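Structure first, then comments.
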Amino acid sequence: MTAVHHPSDETLLRCAAGSLSAGPAIVVRAHTDTCQQCRRTMARFEAVGGALLKEIEPTPLNDAAFDDVLLKIDASVVRPMTTKPLGDVSMPNGNPYPRSLAHARIGKFRWLGPGFRRSNVAVAGHPRANLMLMHIGAARKMPDHGHTGVEYTLVLSGSFSDQSGRYVAGDFIELDSSVEHQPIVDPDGACLCLAALEGDMRLKGVIGRFMQWFMRA
Ligand SMILES: [Zn+2]
């Protein structure tokens with residue numbers, strides 16, 4: 001299936017330059033696994049970026065960056081994931097996961113609300129990737145939510161709609177903090193999405209607050 005919705009040029013550029021944080025970068029790479037158009041754009045950005053990098057003076061780390069490095073080291077002890085690498089298993093619809101996720105591991109899917117399950121995704125070398133798989137049942141609504149950062153989502157199977165359109169397998173959605181939306185999965189089947197956040201998700205309503213409590217766990 002051909003994607004209709006793609007990462008912005010800015011996101012592709014940040015991914016190519018290595019300035020996008022790990023989780024969102026993995027979501028972008030998983031999209032480019034199947035999107036030739038974005039794969040070509042990214043390759044161009046990488047070629048230009050490589051040339052530019054040679055001309056840029058290295059800058060010293062400031063204190064905040066140093067603290068961030070320490071936090072990353074602190075968080076590098078990841079709870080072991082018991083499942084197989086995604087390269088060895090299939091999605092619930094029987095199709096393989098994107099190549100970029102072949103070495104990622106997921107934990108058990110946890111129930112987060114009616115028809116909604118979530119699993120953390122662990123990627124070696126990126127302990128703070130803040131990456132998750134979300135499995136939402138047919139015709140189910142995600143809680144109404146906004147973000148304090150940018151939410152990056154790749155539809156892996158199934159489809160959903162929100163106020164801004166309809167999204168099918170392969171589609172990439174990036175929403176900034178100004179957007180509040182309530183995705184509703186199409187009635188013909190469950191939807192599996194890979195999502196990463198830069199920042200936190202703010203869920204609204206009672207179920208939202210309940211789920212938020214779980215998502216912190
Ligand atoms: Zn694309």
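Residue numbers start at 1 in each chain; chains themselves are named A, B, ... in the order of the structure tokens; ligands are numbered from 1 in the order shown.
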Determine, using only C-alpha atoms, which residues of segment 147-170 of chain A have any atom at most 12 Å from an atom of segment 128-135 of chain A, and tabulate each with its shortest atom pair and distance in Å to one decimal place, rows ordered by chain and then rising number, as a Markdown table.
| residue | atom | partner | partner_atom | distance |
| --- | --- | --- | --- | --- |
| A:Glu151 | CA | A:Leu131 | CA | 10.6 |
| A:Tyr152 | CA | A:Leu131 | CA | 9.7 |
| A:Thr153 | CA | A:Leu133 | CA | 9.6 |
| A:Leu154 | CA | A:Leu133 | CA | 9.7 |
| A:Val155 | CA | A:Met134 | CA | 9.7 |
| A:Leu156 | CA | A:Leu133 | CA | 9.3 |
| A:Ser157 | CA | A:His135 | CA | 9.4 |
| A:Gly158 | CA | A:His135 | CA | 9.7 |
| A:Ser159 | CA | A:His135 | CA | 11.2 |
| A:Phe160 | CA | A:His135 | CA | 11.6 |
Go ahead and write the selection's residues with all heavy atoms as an mmCIF file, in the first residue's frame.
data_model
loop_
_atom_site.group_PDB
_atom_site.id
_atom_site.type_symbol
_atom_site.label_atom_id
_atom_site.label_comp_id
_atom_site.auth_asym_id
_atom_site.auth_seq_id
_atom_site.Cartn_x
_atom_site.Cartn_y
_atom_site.Cartn_z
ATOM 1 N N GLU A 151 4.302 14.283 18.512
ATOM 2 C CA GLU A 151 3.974 12.856 18.463
ATOM 3 C C GLU A 151 4.217 12.356 17.043
ATOM 4 O O GLU A 151 3.699 12.940 16.091
ATOM 5 C CB GLU A 151 2.510 12.658 18.850
ATOM 6 C CG GLU A 151 2.032 11.211 18.811
ATOM 7 C CD GLU A 151 0.514 11.124 19.026
ATOM 8 O OE1 GLU A 151 -0.248 11.313 18.064
ATOM 9 O OE2 GLU A 151 0.111 10.899 20.166
ATOM 10 N N TYR A 152 5.001 11.302 16.901
ATOM 11 C CA TYR A 152 5.292 10.709 15.596
ATOM 12 C C TYR A 152 4.666 9.324 15.564
ATOM 13 O O TYR A 152 4.923 8.508 16.456
ATOM 14 C CB TYR A 152 6.804 10.572 15.394
ATOM 15 C CG TYR A 152 7.552 11.877 15.438
ATOM 16 C CD1 TYR A 152 7.946 12.432 16.656
ATOM 17 C CD2 TYR A 152 7.877 12.560 14.270
ATOM 18 C CE1 TYR A 152 8.630 13.638 16.705
ATOM 19 C CE2 TYR A 152 8.565 13.766 14.311
ATOM 20 C CZ TYR A 152 8.935 14.293 15.531
ATOM 21 O OH TYR A 152 9.611 15.487 15.580
ATOM 22 N N THR A 153 3.855 9.066 14.569
ATOM 23 C CA THR A 153 3.137 7.789 14.501
ATOM 24 C C THR A 153 3.262 7.196 13.107
ATOM 25 O O THR A 153 3.152 7.908 12.111
ATOM 26 C CB THR A 153 1.629 7.997 14.815
ATOM 27 O OG1 THR A 153 1.512 8.651 16.080
ATOM 28 C CG2 THR A 153 0.884 6.682 14.872
ATOM 29 N N LEU A 154 3.508 5.887 13.044
ATOM 30 C CA LEU A 154 3.488 5.172 11.775
ATOM 31 C C LEU A 154 2.404 4.100 11.872
ATOM 32 O O LEU A 154 2.399 3.304 12.808
ATOM 33 C CB LEU A 154 4.858 4.519 11.523
ATOM 34 C CG LEU A 154 4.954 3.617 10.294
ATOM 35 C CD1 LEU A 154 4.792 4.409 9.000
ATOM 36 C CD2 LEU A 154 6.285 2.852 10.273
ATOM 37 N N VAL A 155 1.501 4.090 10.911
ATOM 38 C CA VAL A 155 0.475 3.039 10.890
ATOM 39 C C VAL A 155 1.112 1.783 10.309
ATOM 40 O O VAL A 155 1.624 1.796 9.184
ATOM 41 C CB VAL A 155 -0.744 3.461 10.033
ATOM 42 C CG1 VAL A 155 -1.825 2.385 10.098
ATOM 43 C CG2 VAL A 155 -1.303 4.799 10.494
ATOM 44 N N LEU A 156 1.105 0.700 11.089
ATOM 45 C CA LEU A 156 1.699 -0.559 10.615
ATOM 46 C C LEU A 156 0.653 -1.458 9.969
ATOM 47 O O LEU A 156 0.936 -2.160 9.006
ATOM 48 C CB LEU A 156 2.367 -1.295 11.783
ATOM 49 C CG LEU A 156 3.590 -0.604 12.396
ATOM 50 C CD1 LEU A 156 4.069 -1.381 13.626
ATOM 51 C CD2 LEU A 156 4.726 -0.476 11.389
ATOM 52 N N SER A 157 -0.538 -1.454 10.531
ATOM 53 C CA SER A 157 -1.633 -2.212 9.905
ATOM 54 C C SER A 157 -2.959 -1.594 10.325
ATOM 55 O O SER A 157 -3.037 -0.898 11.329
ATOM 56 C CB SER A 157 -1.564 -3.691 10.302
ATOM 57 O OG SER A 157 -1.878 -3.856 11.664
ATOM 58 N N GLY A 158 -3.980 -1.846 9.546
ATOM 59 C CA GLY A 158 -5.282 -1.266 9.823
ATOM 60 C C GLY A 158 -5.319 0.198 9.417
ATOM 61 O O GLY A 158 -4.443 0.680 8.690
ATOM 62 N N SER A 159 -6.312 0.918 9.895
ATOM 63 C CA SER A 159 -6.461 2.325 9.517
ATOM 64 C C SER A 159 -7.273 3.052 10.574
ATOM 65 O O SER A 159 -8.030 2.435 11.325
ATOM 66 C CB SER A 159 -7.154 2.430 8.157
ATOM 67 O OG SER A 159 -8.385 1.732 8.170
ATOM 68 N N PHE A 160 -7.074 4.365 10.641
ATOM 69 C CA PHE A 160 -7.889 5.190 11.542
ATOM 70 C C PHE A 160 -8.118 6.556 10.924
ATOM 71 O O PHE A 160 -7.469 6.940 9.950
ATOM 72 C CB PHE A 160 -7.238 5.304 12.934
ATOM 73 C CG PHE A 160 -6.001 6.163 12.997
ATOM 74 C CD1 PHE A 160 -6.103 7.550 13.139
ATOM 75 C CD2 PHE A 160 -4.736 5.602 12.938
ATOM 76 C CE1 PHE A 160 -4.979 8.357 13.215
ATOM 77 C CE2 PHE A 160 -3.596 6.385 13.005
ATOM 78 C CZ PHE A 160 -3.710 7.772 13.141
#
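With a cut-off of 8 Å and using only C-alpha atoms and all ligand atoms, the polymer residues contacting ligand 1 are Ala3, Val4, His5, His6, Pro7, His31, Thr32, Thr34, Cys35, Gln36, Gln37, Cys38, Arg39, Gly170, Asp171 and Phe172 of chain A.
Across the model, the gap from atom CA of Arg140 of chain A to atom CA of Pro114 of chain A is 8.0 Å.
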Any idea what's packed within 10 Å of Asp88 of chain A, counting only C-alpha atoms, ignoring anything in its chain fewer than 2 positions away? Could you give it as a ChimeraX atom specification?
/A:83-86,90,96-97,102-103,105
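Distance-wise, atom CA of Val48 of chain A and atom CA of His126 of chain A end up 25.5 Å apart.
Considering the residues A:Val89, A:Ile136, A:Val123, A:Ala25 and counting only C-alpha atoms, Arg110 of chain A has its shortest atom-to-atom contact with A:Ile136.
Distance-wise, atom CA of Leu20 of chain A and atom CA of Leu175 of chain A end up 14.7 Å apart.
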Please list as number ranges by chain every residue within 7 Å of Pro24 of chain A, counting only C-alpha atoms and excluding residues in the same chain fewer than 2 positions away.
A: 20-22, 26-28, 152, 196-197
Output file for the selection above: C-alpha atoms, as a PDB file, in the first residue's frame:
ATOM      1  CA  LEU A  20      15.993  13.816  15.871  1.00  0.00           C
ATOM      2  CA  SER A  21      15.760  11.890  19.141  1.00  0.00           C
ATOM      3  CA  ALA A  22      16.064   8.112  18.985  1.00  0.00           C
ATOM      4  CA  ILE A  26      13.210   4.887  14.494  1.00  0.00           C
ATOM      5  CA  VAL A  27       9.601   5.682  13.488  1.00  0.00           C
ATOM      6  CA  VAL A  28      10.915   7.685  10.496  1.00  0.00           C
ATOM      7  CA  TYR A 152       5.292  10.709  15.596  1.00  0.00           C
ATOM      8  CA  ALA A 196       7.205   7.886  19.683  1.00  0.00           C
ATOM      9  CA  LEU A 197       6.976  11.153  21.528  1.00  0.00           C
TER      10      LEU A 197
END
Mind the document's chain letters and residue numbers, and return as number ranges by chain the residues of segment 130-201 of chain A that DSSP labels strand (DSSP E or B).
A: 131-136, 141, 145-147, 150-157, 159-162, 165-168, 172-175, 181, 184-185, 191-198, 201
